[in-house]
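Engineer: This is model.cif (mmCIF, C-alpha atoms and all ligand atoms).
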```
data_protein
#
loop_
_atom_site.group_PDB
_atom_site.id
_atom_site.type_symbol
_atom_site.label_atom_id
_atom_site.label_comp_id
_atom_site.auth_asym_id
_atom_site.auth_seq_id
_atom_site.Cartn_x
_atom_site.Cartn_y
_atom_site.Cartn_z
ATOM 1 C CA MET A 2 23.736 -4.026 -4.503
ATOM 2 C CA ASN A 3 24.443 -6.587 -7.251
ATOM 3 C CA LEU A 4 23.828 -5.722 -10.926
ATOM 4 C CA ASN A 5 20.271 -7.052 -10.938
ATOM 5 C CA GLY A 6 19.420 -5.795 -7.450
ATOM 6 C CA ILE A 7 16.589 -3.259 -7.308
ATOM 7 C CA LEU A 8 15.867 -3.106 -3.585
ATOM 8 C CA ARG A 9 17.749 -3.959 -0.465
ATOM 9 C CA LEU A 10 16.888 -4.006 3.221
ATOM 10 C CA ILE A 11 19.890 -4.023 5.515
ATOM 11 C CA GLN A 12 19.368 -5.063 9.141
ATOM 12 C CA ALA A 13 15.876 -3.590 8.999
ATOM 13 C CA SER A 14 13.887 -3.560 12.228
ATOM 14 C CA LYS A 15 10.382 -2.365 12.989
ATOM 15 C CA GLN A 16 8.803 -1.618 16.310
ATOM 16 C CA TYR A 17 5.248 -0.594 17.057
ATOM 17 C CA LYS A 18 4.899 1.204 20.388
ATOM 18 C CA GLY A 19 8.063 -0.409 21.704
ATOM 19 C CA LYS A 20 7.072 -3.915 20.544
ATOM 20 C CA THR A 21 9.531 -5.394 18.060
ATOM 21 C CA VAL A 22 7.738 -6.852 15.070
ATOM 22 C CA LEU A 23 10.670 -7.313 12.684
ATOM 23 C CA GLN A 24 14.217 -7.785 13.828
ATOM 24 C CA ARG A 25 17.329 -7.103 11.736
ATOM 25 C CA VAL A 26 15.949 -8.403 8.471
ATOM 26 C CA SER A 27 18.295 -8.243 5.482
ATOM 27 C CA LEU A 28 17.260 -9.087 1.972
ATOM 28 C CA GLU A 29 17.881 -8.132 -1.605
ATOM 29 C CA ILE A 30 15.345 -8.291 -4.411
ATOM 30 C CA ASN A 31 16.490 -8.760 -7.980
ATOM 31 C CA ARG A 32 14.937 -7.759 -11.261
ATOM 32 C CA GLY A 33 12.661 -10.475 -12.670
ATOM 33 C CA GLU A 34 12.612 -12.731 -9.616
ATOM 34 C CA THR A 35 9.617 -13.828 -7.579
ATOM 35 C CA VAL A 36 10.106 -14.052 -3.838
ATOM 36 C CA ALA A 37 7.512 -15.711 -1.618
ATOM 37 C CA VAL A 38 7.191 -14.702 2.034
ATOM 38 C CA THR A 39 5.421 -17.210 4.245
ATOM 39 C CA GLY A 40 4.851 -17.488 7.960
ATOM 40 C CA PRO A 41 2.132 -17.829 10.580
ATOM 41 C CA ASN A 42 -0.376 -15.117 11.517
ATOM 42 C CA GLY A 43 1.275 -12.126 13.105
ATOM 43 C CA SER A 44 4.786 -13.154 12.068
ATOM 44 C CA GLY A 45 5.408 -9.870 10.273
ATOM 45 C CA LYS A 46 4.696 -10.635 6.592
ATOM 46 C CA SER A 47 2.530 -7.554 5.984
ATOM 47 C CA THR A 48 4.925 -5.387 7.966
ATOM 48 C CA LEU A 49 7.820 -6.605 5.821
ATOM 49 C CA LEU A 50 5.912 -5.765 2.628
ATOM 50 C CA LYS A 51 5.141 -2.270 3.935
ATOM 51 C CA LEU A 52 8.809 -1.695 4.725
ATOM 52 C CA ILE A 53 9.783 -2.894 1.255
ATOM 53 C CA ALA A 54 7.098 -0.638 -0.248
ATOM 54 C CA GLY A 55 8.419 2.332 1.702
ATOM 55 C CA LEU A 56 4.955 2.851 3.211
ATOM 56 C CA SER A 57 6.187 2.277 6.727
ATOM 57 C CA ALA A 58 9.342 3.822 8.169
ATOM 58 C CA LEU A 59 12.108 1.554 9.438
ATOM 59 C CA SER A 60 12.784 1.829 13.183
ATOM 60 C CA SER A 61 16.411 1.023 12.397
ATOM 61 C CA GLY A 62 18.455 -0.292 9.502
ATOM 62 C CA LYS A 63 18.516 0.819 5.902
ATOM 63 C CA ARG A 64 16.417 0.576 2.750
ATOM 64 C CA GLU A 65 18.098 1.150 -0.607
ATOM 65 C CA VAL A 66 16.529 1.171 -4.056
ATOM 66 C CA SER A 67 18.077 1.060 -7.486
ATOM 67 C CA GLY A 68 15.300 1.432 -10.043
ATOM 68 C CA SER A 69 15.339 2.603 -13.621
ATOM 69 C CA GLY A 70 13.572 5.896 -12.834
ATOM 70 C CA GLU A 71 15.122 9.321 -12.381
ATOM 71 C CA GLY A 72 17.927 9.223 -9.783
ATOM 72 C CA GLY A 73 17.494 5.439 -9.408
ATOM 73 C CA SER A 74 13.890 5.705 -8.239
ATOM 74 C CA LEU A 75 11.837 2.546 -8.339
ATOM 75 C CA VAL A 76 8.186 2.182 -9.388
ATOM 76 C CA ILE A 77 6.472 -0.072 -6.858
ATOM 77 C CA GLY A 78 2.966 -1.507 -7.110
ATOM 78 C CA TYR A 79 1.481 -2.598 -3.793
ATOM 79 C CA ALA A 80 -1.656 -4.632 -3.276
ATOM 80 C CA PRO A 81 -2.539 -4.696 0.452
ATOM 81 C CA ASP A 82 -4.189 -7.742 2.000
ATOM 82 C CA HIS A 83 -7.639 -6.299 1.405
ATOM 83 C CA LEU A 84 -9.391 -3.317 -0.132
ATOM 84 C CA PRO A 85 -12.136 -1.554 1.763
ATOM 85 C CA LYS A 86 -15.679 -1.912 0.407
ATOM 86 C CA LEU A 87 -15.914 1.539 -1.166
ATOM 87 C CA LYS A 88 -18.930 3.351 -2.568
ATOM 88 C CA PHE A 89 -17.170 3.712 -5.936
ATOM 89 C CA THR A 90 -17.510 1.468 -8.946
ATOM 90 C CA ALA A 91 -14.326 -0.383 -9.891
ATOM 91 C CA ARG A 92 -13.743 1.953 -12.839
ATOM 92 C CA GLU A 93 -14.240 5.110 -10.737
ATOM 93 C CA TYR A 94 -11.804 3.843 -8.129
ATOM 94 C CA LEU A 95 -9.218 2.691 -10.663
ATOM 95 C CA ASN A 96 -9.474 5.945 -12.603
ATOM 96 C CA HIS A 97 -8.772 7.827 -9.389
ATOM 97 C CA MET A 98 -5.794 5.579 -8.573
ATOM 98 C CA ALA A 99 -4.459 5.934 -12.120
ATOM 99 C CA SER A 100 -4.591 9.723 -11.889
ATOM 100 C CA ILE A 101 -2.706 9.618 -8.554
ATOM 101 C CA ARG A 102 -0.040 7.479 -10.289
ATOM 102 C CA GLY A 103 0.245 10.170 -12.969
ATOM 103 C CA LEU A 104 -1.271 8.266 -15.894
ATOM 104 C CA GLU A 105 -2.458 10.529 -18.711
ATOM 105 C CA ALA A 106 -6.251 10.797 -18.960
ATOM 106 C CA ALA A 107 -6.093 9.532 -22.570
ATOM 107 C CA THR A 108 -4.358 6.269 -21.647
ATOM 108 C CA ARG A 109 -6.088 5.659 -18.316
ATOM 109 C CA THR A 110 -9.290 4.104 -19.644
ATOM 110 C CA ARG A 111 -7.473 1.850 -22.109
ATOM 111 C CA LYS A 112 -5.074 0.624 -19.462
ATOM 112 C CA ILE A 113 -7.850 0.016 -16.925
ATOM 113 C CA GLU A 114 -10.008 -1.869 -19.442
ATOM 114 C CA GLU A 115 -7.063 -4.009 -20.562
ATOM 115 C CA LEU A 116 -6.235 -5.013 -17.002
ATOM 116 C CA LEU A 117 -9.871 -5.602 -16.029
ATOM 117 C CA GLU A 118 -10.263 -7.881 -19.019
ATOM 118 C CA LEU A 119 -7.120 -9.743 -18.049
ATOM 119 C CA VAL A 120 -8.415 -10.475 -14.542
ATOM 120 C CA ASP A 121 -11.937 -11.114 -15.880
ATOM 121 C CA LEU A 122 -13.807 -8.958 -13.378
ATOM 122 C CA ARG A 123 -17.473 -9.795 -13.849
ATOM 123 C CA ASP A 124 -19.123 -6.771 -12.230
ATOM 124 C CA ARG A 125 -22.465 -5.325 -13.291
ATOM 125 C CA PRO A 126 -22.618 -1.860 -14.898
ATOM 126 C CA GLY A 127 -22.637 0.763 -12.130
ATOM 127 C CA GLN A 128 -22.106 -1.831 -9.370
ATOM 128 C CA GLN A 129 -20.338 -0.275 -6.384
ATOM 129 C CA MET A 130 -17.371 -2.024 -4.810
ATOM 130 C CA LYS A 131 -19.196 -2.285 -1.481
ATOM 131 C CA PHE A 132 -21.338 -4.994 -3.148
ATOM 132 C CA PHE A 133 -18.337 -6.900 -4.527
ATOM 133 C CA SER A 134 -17.352 -10.386 -3.370
ATOM 134 C CA LYS A 135 -13.953 -10.927 -1.749
ATOM 135 C CA GLY A 136 -12.588 -12.347 -4.999
ATOM 136 C CA MET A 137 -13.853 -9.381 -7.057
ATOM 137 C CA LEU A 138 -12.242 -6.928 -4.617
ATOM 138 C CA GLN A 139 -9.032 -8.923 -4.845
ATOM 139 C CA LYS A 140 -9.029 -8.561 -8.639
ATOM 140 C CA VAL A 141 -9.521 -4.775 -8.414
ATOM 141 C CA ASN A 142 -6.745 -4.672 -5.832
ATOM 142 C CA LEU A 143 -4.389 -6.435 -8.225
ATOM 143 C CA VAL A 144 -5.339 -4.130 -11.091
ATOM 144 C CA GLN A 145 -4.656 -0.979 -9.021
ATOM 145 C CA ALA A 146 -1.202 -2.327 -8.155
ATOM 146 C CA LEU A 147 -0.413 -2.900 -11.837
ATOM 147 C CA LEU A 148 -1.615 0.497 -13.111
ATOM 148 C CA GLY A 149 1.770 2.230 -12.990
ATOM 149 C CA ASP A 150 3.664 -0.652 -14.706
ATOM 150 C CA PRO A 151 5.697 -1.376 -11.563
ATOM 151 C CA GLU A 152 9.253 -2.674 -11.625
ATOM 152 C CA LEU A 153 8.506 -4.236 -8.257
ATOM 153 C CA LEU A 154 5.100 -5.688 -7.459
ATOM 154 C CA LEU A 155 4.177 -6.453 -3.843
ATOM 155 C CA LEU A 156 1.194 -8.686 -3.205
ATOM 156 C CA ASP A 157 -0.112 -9.302 0.299
ATOM 157 C CA GLU A 158 -2.262 -12.463 0.494
ATOM 158 C CA PRO A 159 -3.373 -12.221 -3.157
ATOM 159 C CA VAL A 160 -5.081 -15.623 -3.334
ATOM 160 C CA GLY A 161 -7.624 -15.174 -0.507
ATOM 161 C CA GLY A 162 -11.068 -15.154 -2.108
ATOM 162 C CA LEU A 163 -9.900 -16.231 -5.558
ATOM 163 C CA ASP A 164 -11.477 -19.342 -7.063
ATOM 164 C CA GLU A 165 -9.319 -21.891 -8.872
ATOM 165 C CA GLU A 166 -9.826 -20.288 -12.260
ATOM 166 C CA ALA A 167 -8.834 -16.859 -10.919
ATOM 167 C CA GLN A 168 -5.796 -18.376 -9.190
ATOM 168 C CA GLY A 169 -4.740 -19.768 -12.566
ATOM 169 C CA VAL A 170 -5.164 -16.320 -14.148
ATOM 170 C CA LEU A 171 -3.081 -14.774 -11.368
ATOM 171 C CA ALA A 172 -0.340 -17.412 -11.782
ATOM 172 C CA SER A 173 -0.054 -16.806 -15.519
ATOM 173 C CA MET A 174 -0.099 -13.009 -15.024
ATOM 174 C CA LEU A 175 2.757 -13.300 -12.560
ATOM 175 C CA MET A 176 4.699 -15.499 -14.957
ATOM 176 C CA SER A 177 4.372 -13.035 -17.838
ATOM 177 C CA LEU A 178 5.296 -10.109 -15.550
ATOM 178 C CA ARG A 179 8.381 -12.022 -14.450
ATOM 179 C CA GLN A 180 9.352 -12.623 -18.074
ATOM 180 C CA LYS A 181 9.079 -8.861 -18.621
ATOM 181 C CA GLY A 182 11.592 -8.391 -15.792
ATOM 182 C CA THR A 183 9.161 -7.339 -13.042
ATOM 183 C CA ALA A 184 10.276 -8.383 -9.572
ATOM 184 C CA ILE A 185 7.471 -9.770 -7.413
ATOM 185 C CA VAL A 186 7.235 -10.277 -3.668
ATOM 186 C CA VAL A 187 4.203 -12.223 -2.579
ATOM 187 C CA ALA A 188 3.240 -12.831 1.045
ATOM 188 C CA SER A 189 0.823 -15.589 1.918
ATOM 189 C CA HIS A 190 -0.068 -18.435 4.252
ATOM 190 C CA GLU A 191 -0.608 -20.550 1.135
ATOM 191 C CA GLN A 192 2.951 -21.768 1.212
ATOM 192 C CA THR A 193 2.489 -24.663 -1.213
ATOM 193 C CA LEU A 194 0.706 -22.548 -3.783
ATOM 194 C CA ILE A 195 2.914 -19.480 -3.809
ATOM 195 C CA GLY A 196 6.052 -21.601 -3.367
ATOM 196 C CA GLN A 197 5.313 -22.997 -6.845
ATOM 197 C CA TRP A 198 5.402 -19.519 -8.345
ATOM 198 C CA ALA A 199 8.508 -18.322 -6.551
ATOM 199 C CA ASP A 200 12.232 -18.517 -7.166
ATOM 200 C CA ARG A 201 12.881 -18.205 -3.429
ATOM 201 C CA THR A 202 10.712 -18.655 -0.376
ATOM 202 C CA LEU A 203 11.510 -16.755 2.811
ATOM 203 C CA ALA A 204 9.935 -18.262 5.897
ATOM 204 C CA ILE A 205 9.463 -15.757 8.698
ATOM 205 C CA SER A 206 8.428 -16.260 12.262
ATOM 206 C CA ASP A 207 8.813 -14.117 15.357
ATOM 207 C CA GLY A 208 9.768 -11.218 13.102
ATOM 208 C CA ARG A 209 12.878 -12.874 11.665
ATOM 209 C CA ILE A 210 13.719 -14.634 8.438
ATOM 210 C CA GLN A 211 14.199 -18.207 9.642
ATOM 211 C CA SER A 212 15.039 -19.860 6.340
ATOM 212 C CA VAL A 213 15.422 -19.221 2.634
ATOM 213 C CA ALA A 214 14.702 -21.968 0.126
ATOM 214 C CA ALA A 215 14.816 -22.064 -3.650
ATOM 215 C CA SER A 216 11.630 -23.478 -5.168
ATOM 216 C CA SER A 217 11.825 -26.985 -6.590
ATOM 217 C CA ALA A 218 10.933 -25.722 -10.085
ATOM 218 C CA SER A 219 13.802 -23.267 -10.093
ATOM 219 C CA VAL A 220 16.441 -25.723 -8.840
ATOM 220 C CA GLU A 221 15.894 -28.409 -11.484
ATOM 221 C CA GLY A 222 19.213 -28.923 -13.252
ATOM 222 C CA LYS A 223 20.630 -25.824 -11.573
ATOM 223 C CA ARG A 224 24.328 -25.941 -10.695
ATOM 224 C CA TRP A 225 25.385 -24.836 -7.225
ATOM 225 C CA ARG A 226 28.237 -24.741 -4.725
ATOM 226 C CA ARG A 227 27.613 -25.951 -1.196
ATOM 227 C CA ILE A 228 29.570 -24.118 1.476
ATOM 228 C CA VAL A 229 29.606 -25.538 4.996
ATOM 229 C CA CYS A 230 30.939 -23.218 7.660
ATOM 230 C CA GLN A 231 31.004 -22.594 11.398
ATOM 231 C CA TRP A 232 29.972 -19.297 12.963
ATOM 232 C CA PRO A 233 31.180 -18.266 16.410
ATOM 233 C CA LYS A 234 28.537 -18.367 19.188
ATOM 234 C CA GLY A 235 26.363 -15.250 19.314
ATOM 235 C CA ARG A 236 26.703 -14.533 15.583
ATOM 236 C CA GLU A 237 23.395 -16.176 14.527
ATOM 237 C CA GLU A 238 22.004 -12.909 13.122
ATOM 238 C CA ASP A 239 25.031 -12.421 10.890
ATOM 239 C CA ALA A 240 24.824 -16.031 9.761
ATOM 240 C CA LYS A 241 21.173 -15.494 8.816
ATOM 241 C CA ALA A 242 21.925 -12.272 6.981
ATOM 242 C CA PHE A 243 24.129 -14.264 4.587
ATOM 243 C CA ALA A 244 21.085 -16.315 3.602
ATOM 244 C CA ASN A 245 20.097 -13.269 1.574
ATOM 245 C CA TRP A 246 23.495 -12.640 0.078
ATOM 246 C CA PRO A 247 23.213 -12.181 -3.720
ATOM 247 C CA GLY A 248 23.509 -15.587 -5.348
ATOM 248 C CA THR A 249 22.600 -17.556 -2.212
ATOM 249 C CA ILE A 250 19.941 -20.061 -3.225
ATOM 250 C CA ARG A 251 19.345 -21.885 0.007
ATOM 251 C CA CYS A 252 20.578 -21.873 3.573
ATOM 252 C CA ARG A 253 20.310 -24.366 6.439
ATOM 253 C CA MET A 254 21.343 -23.637 10.006
ATOM 254 C CA GLU A 255 22.058 -26.111 12.754
ATOM 255 C CA ARG A 256 23.453 -24.303 15.770
ATOM 256 C CA GLN A 257 26.916 -23.029 14.818
ATOM 257 C CA GLU A 258 27.069 -24.994 11.546
ATOM 258 C CA VAL A 259 25.557 -23.204 8.580
ATOM 259 C CA VAL A 260 25.256 -24.535 5.031
ATOM 260 C CA TYR A 261 24.854 -22.111 2.131
ATOM 261 C CA TRP A 262 24.013 -23.230 -1.393
ATOM 262 C CA THR A 263 25.073 -20.592 -3.862
ATOM 263 C CA ASP A 264 25.184 -19.843 -7.539
ATOM 264 C CA PRO A 265 28.677 -20.949 -8.779
ATOM 265 C CA ALA A 266 29.315 -17.447 -10.139
ATOM 266 C CA SER A 267 28.860 -15.943 -6.658
ATOM 267 C CA SER A 268 30.574 -18.613 -4.572
ATOM 268 C CA ASP A 269 34.069 -17.038 -4.500
ATOM 269 C CA ALA A 270 32.650 -13.692 -3.397
ATOM 270 C CA LEU A 271 30.510 -15.381 -0.751
ATOM 271 C CA LEU A 272 33.503 -17.343 0.560
ATOM 272 C CA ARG A 273 35.568 -14.168 0.861
ATOM 273 C CA GLU A 274 32.749 -12.340 2.660
ATOM 274 C CA LEU A 275 32.148 -15.250 5.037
ATOM 275 C CA LEU A 276 35.820 -15.417 5.985
ATOM 276 C CA GLU A 277 36.013 -11.662 6.401
ATOM 277 C CA ALA A 278 32.909 -11.712 8.589
ATOM 278 C CA GLY A 279 34.515 -14.269 10.933
ATOM 279 C CA ALA A 280 33.034 -17.593 9.806
ATOM 280 C CA SER A 281 35.380 -20.548 9.317
ATOM 281 C CA ILE A 282 34.924 -22.745 6.264
ATOM 282 C CA ASP A 283 34.593 -26.543 6.710
ATOM 283 C CA SER A 284 34.018 -27.583 3.105
ATOM 284 C CA VAL A 285 33.022 -26.457 -0.381
ATOM 285 C CA ALA A 286 31.382 -28.856 -2.849
ATOM 286 C CA ALA A 287 29.891 -28.559 -6.328
ATOM 287 C CA GLY A 288 26.623 -30.118 -7.409
ATOM 288 C CA SER A 289 23.410 -29.585 -9.342
ATOM 289 C CA GLY A 290 19.672 -30.101 -8.928
ATOM 290 C CA ARG A 291 18.265 -31.000 -5.507
ATOM 291 C CA MET A 292 20.167 -29.320 -2.691
ATOM 292 C CA VAL A 293 21.047 -31.874 -0.048
HETATM 293 N N1 LIG B 1 0.082 -0.506 12.896
HETATM 294 C C1 LIG B 1 0.354 -1.391 13.852
HETATM 295 N N2 LIG B 1 0.399 -1.017 15.142
HETATM 296 C C2 LIG B 1 0.704 -1.897 16.131
HETATM 297 N N3 LIG B 1 0.998 -3.208 15.904
HETATM 298 C C3 LIG B 1 0.968 -3.632 14.632
HETATM 299 C C4 LIG B 1 0.648 -2.760 13.542
HETATM 300 N N4 LIG B 1 0.716 -3.477 12.389
HETATM 301 C C5 LIG B 1 1.062 -4.733 12.753
HETATM 302 N N5 LIG B 1 1.204 -4.819 14.081
HETATM 303 C C6 LIG B 1 1.602 -6.032 14.843
HETATM 304 O O1 LIG B 1 2.754 -6.561 14.237
HETATM 305 C C7 LIG B 1 2.728 -7.984 14.238
HETATM 306 C C8 LIG B 1 2.943 -8.469 12.816
HETATM 307 O O2 LIG B 1 1.801 -8.121 12.049
HETATM 308 P P1 LIG B 1 1.720 -8.387 10.497
HETATM 309 O O3 LIG B 1 0.386 -7.900 10.040
HETATM 310 O O4 LIG B 1 2.918 -7.862 9.835
HETATM 311 O O5 LIG B 1 1.784 -9.991 10.444
HETATM 312 P P2 LIG B 1 1.343 -10.979 9.311
HETATM 313 O O6 LIG B 1 2.366 -12.059 9.295
HETATM 314 O O7 LIG B 1 1.100 -10.264 8.037
HETATM 315 O O8 LIG B 1 -0.026 -11.531 9.866
HETATM 316 P P3 LIG B 1 -1.295 -12.154 9.105
HETATM 317 O O9 LIG B 1 -0.834 -13.436 8.499
HETATM 318 O O10 LIG B 1 -2.273 -12.375 10.208
HETATM 319 O O11 LIG B 1 -1.760 -11.161 8.103
HETATM 320 C C9 LIG B 1 1.412 -8.382 14.865
HETATM 321 O O12 LIG B 1 1.643 -8.682 16.207
HETATM 322 C C10 LIG B 1 0.556 -7.147 14.737
HETATM 323 O O13 LIG B 1 -0.365 -7.070 15.772
#
```
Would you encode the structure as structure tokens?
Ligand SMILES: Nc1ncnc2c1ncn2[C@@H]1O[C@H](COP(=O)(O)OP(=O)(O)OP(=O)(O)O)[C@@H](O)[C@H]1O
Structural biologist:
Amino acid sequence: MNLNGILRLIQASKQYKGKTVLQRVSLEINRGETVAVTGPNGSGKSTLLKLIAGLSALSSGKREVSGSGEGGSLVIGYAPDHLPKLKFTAREYLNHMASIRGLEAATRTRKIEELLELVDLRDRPGQQMKFFSKGMLQKVNLVQALLGDPELLLLDEPVGGLDEEAQGVLASMLMSLRQKGTAIVVASHEQTLIGQWADRTLAISDGRIQSVAASSASVEGKRWRRIVCQWPKGREEDAKAFANWPGTIRCRMERQEVVYWTDPASSDALLRELLEAGASIDSVAAGSGRMV
């Protein structure tokens, strides 16, 4: 894992009752970066988040973490795509979740109130979550994921049900978390919206990462190296795996020809790895800004 890497999936696959849902997915998540995962219904976005969270076991492949906790453990906050309509009030539920996460009773209430104020949950005193709107449940969901001050925050479809104002609040929360060094992975159909928040967007379909693109905001003025190479037939999976190599900003594949845009600091290492893996290099060029 690179210096900033906190979690890595290596050739991770997931099957449910013999049906392959994710196939040989490799990715690395770095401290302070926001990664968007987009793709059509059933493409495996939620499954990928559960594998990253460690909530679902890999059928094959490896998951490695390198957090700042004891023995390299990593604090992960996970907001699933919906919360059930429980009979608890938001505060009862969040208090329970905070105690599971090991928060001291004395700090629990303060933390919960701070976060609820941040998301502006307008519930009535004593109102149970089963009477909450979709947007209100979504806000409680986000708060529960943030209770343990995660180093890695995973959000599954966080914008569903949020009005424009709440989406704005979410966007600025994510930005300040990123500045604090929190890594964020957000899965959604709302590609345009979450793409604006992300450093990288992974597009998945049929259980595979089909492309990786840096967001337009993050590429402005950015310097890169463009490596064009040829992979032997039958090595498409390996070619794709390099799209997630540390420092790779963007990747485009056209049959055997693959183009990788990489951070200049990582380009030598990427070149070496590509050659060692059996790819042959056609050209290397330097540039900045839009990757064409
Ligand atoms: N626990 C499970 N048991 C069996 N199949 C499952 C299970 N969870 C997910 N699947 C299947 O895995 C595939 C991927 O589902 P997943 O929920 O990861 O996709 P998704 O991209 O998040 O979809 P959506 O956008 O609709 O939320 C689907 O075909 C789904 O039916």
Engineer: Could you tell me how far CA of Glu29 (chain A) sits from CA of Pro247 (chain A), in Å to one decimal place?
Structural biologist: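 Here the two named atoms are 7.0 Å from each other.
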Engineer: May I have the residues at most 10 Å from (9.2, -14.5, 1.1) in the file's coordinates, counting all atoms listed in the file, as a VMD selection string?
Structural biologist: chain A and resid 28 35 to 40 46 49 to 50 185 to 189 192 195 to 196 199 to 205 210 212 to 214
Engineer: Taking only C-alpha atoms and all ligand atoms into account, report as a list in words which residues have an atom no farther than 7 Å from an atom of ligand LIG 1 (chain B).
Structural biologist: Tyr17, Lys18, Val22, Gly40, Pro41, Asn42, Gly43, Ser44, Gly45, Lys46, Ser47, Thr48, Leu49 and His190 of chain A
Engineer: Could you give me, as a ChimeraX atom specification, the residues within 9 Å of Leu122 (chain A), counting only C-alpha atoms and dropping anything in the same chain fewer than 4 positions from it?
Structural biologist: /A:117-118,137,140-141
Engineer: Could you list the residues chosen by the PyMOL selection byres (((chain A and resi 168) around 12) and not hetatm) in this structure as a list of chain:residue names?
Structural biologist: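 Applying the expression gives A:Val120, A:Asp121, A:Gly136, A:Gln139, A:Lys140, A:Glu158, A:Pro159, A:Val160, A:Gly161, A:Gly162, A:Leu163, A:Asp164, A:Glu165, A:Glu166, A:Ala167, A:Gly169, A:Val170, A:Leu171, A:Ala172, A:Ser173, A:Met174, A:Leu175, A:Glu191, A:Leu194, A:Ile195, A:Trp198.
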Engineer: Can you write just those residues out, C-alpha atoms, as a PDB file, keeping the file's coordinate frame?
Structural biologist:
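And here's again-v3.pdb as it stands now:
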```pdb
ATOM      1  CA  VAL A 120      -8.415 -10.475 -14.542  1.00  0.00           C
ATOM      2  CA  ASP A 121     -11.937 -11.114 -15.880  1.00  0.00           C
ATOM      3  CA  GLY A 136     -12.588 -12.347  -4.999  1.00  0.00           C
ATOM      4  CA  GLN A 139      -9.032  -8.923  -4.845  1.00  0.00           C
ATOM      5  CA  LYS A 140      -9.029  -8.561  -8.639  1.00  0.00           C
ATOM      6  CA  GLU A 158      -2.262 -12.463   0.494  1.00  0.00           C
ATOM      7  CA  PRO A 159      -3.373 -12.221  -3.157  1.00  0.00           C
ATOM      8  CA  VAL A 160      -5.081 -15.623  -3.334  1.00  0.00           C
ATOM      9  CA  GLY A 161      -7.624 -15.174  -0.507  1.00  0.00           C
ATOM     10  CA  GLY A 162     -11.068 -15.154  -2.108  1.00  0.00           C
ATOM     11  CA  LEU A 163      -9.900 -16.231  -5.558  1.00  0.00           C
ATOM     12  CA  ASP A 164     -11.477 -19.342  -7.063  1.00  0.00           C
ATOM     13  CA  GLU A 165      -9.319 -21.891  -8.872  1.00  0.00           C
ATOM     14  CA  GLU A 166      -9.826 -20.288 -12.260  1.00  0.00           C
ATOM     15  CA  ALA A 167      -8.834 -16.859 -10.919  1.00  0.00           C
ATOM     16  CA  GLY A 169      -4.740 -19.768 -12.566  1.00  0.00           C
ATOM     17  CA  VAL A 170      -5.164 -16.320 -14.148  1.00  0.00           C
ATOM     18  CA  LEU A 171      -3.081 -14.774 -11.368  1.00  0.00           C
ATOM     19  CA  ALA A 172      -0.340 -17.412 -11.782  1.00  0.00           C
ATOM     20  CA  SER A 173      -0.054 -16.806 -15.519  1.00  0.00           C
ATOM     21  CA  MET A 174      -0.099 -13.009 -15.024  1.00  0.00           C
ATOM     22  CA  LEU A 175       2.757 -13.300 -12.560  1.00  0.00           C
ATOM     23  CA  GLU A 191      -0.608 -20.550   1.135  1.00  0.00           C
ATOM     24  CA  LEU A 194       0.706 -22.548  -3.783  1.00  0.00           C
ATOM     25  CA  ILE A 195       2.914 -19.480  -3.809  1.00  0.00           C
ATOM     26  CA  TRP A 198       5.402 -19.519  -8.345  1.00  0.00           C
TER      27      TRP A 198
END
```
Engineer: Could you check how far CA of Glu71 (chain A) sits from CA of Tyr94 (chain A), in Å to one decimal?
Structural biologist: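 Here the two named atoms are 27.8 Å from each other.
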Engineer: Which of these residues is nearest to Gln12 (chain A), using all atoms listed in the file: A:Ala146, A:Ala106, A:Ile228, A:Ala242?
Structural biologist: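 Nearest candidate to Gln12 (chain A) out of A:Ala146, A:Ala106, A:Ile228, A:Ala242: A:Ala242.
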Engineer: I would like the residues chosen by the PyMOL selection byres (((chain A and resi 229-238) around 10) and not hetatm) on the shown file; could you give them as a ChimeraX atom specification?
Structural biologist: /A:12,24-27,209-210,226-228,239-243,252-262,272,275-276,278-286
Engineer: I'd like the contact shell of Lys112 (chain A) - 10 Å cut-off, all atoms listed in the file, skipping same-chain residues fewer than 4 positions apart - returned as a list of chain:residue names.
Structural biologist: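 Result of the neighbour search: A:Leu95, A:Asn96, A:Ala99, A:Leu104, A:Ala107, A:Thr108, A:Leu116, A:Leu117, A:Glu118, A:Val144, A:Leu147, A:Leu148, A:Gly149.
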Engineer: Which residues, written as a PyMOL selection string, have at least one atom at most 12 Å from Ser74 (chain A), with all atoms listed in the file counted and residues fewer than 3 positions away on the same chain left out?
Structural biologist: chain A and resi 7-8+55+65-71+77+151-153
Engineer: Which is closest to Lys63 (chain A) among A:Ser14, A:Leu119, A:Leu178, A:Arg224, if we use only C-alpha atoms?
Structural biologist: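 Counting only C-alpha atoms, the residue closest to Lys63 (chain A) is A:Ser14.
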Engineer: Of the candidates A:Phe133, A:Trp246, A:Pro126, A:Gln145, which one gets nearest to Ile101 (chain A) if we count all atoms listed in the file?
Structural biologist: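 Comparing A:Phe133, A:Trp246, A:Pro126, A:Gln145 against Ile101 (chain A), the winner is A:Gln145.
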Engineer: Check what the PyMOL selection byres (((chain A and resi 86) around 8) and not hetatm) selects in the file above and give those residues as a PyMOL selection string.
Structural biologist: chain A and resi 84-85+87-88+130-133+138
Engineer: Determine the axis-aligned bounding box of all atoms of region 21-38 of chain A present in the file, pad each side by 3 Å, and express its centre and edge lengths in Å to one decimal place as JSON.
Structural biologist:
```
{"center_x": 12.7, "center_y": -10.6, "center_z": 2.7, "size_x": 17.1, "size_y": 16.3, "size_z": 36.7}
```
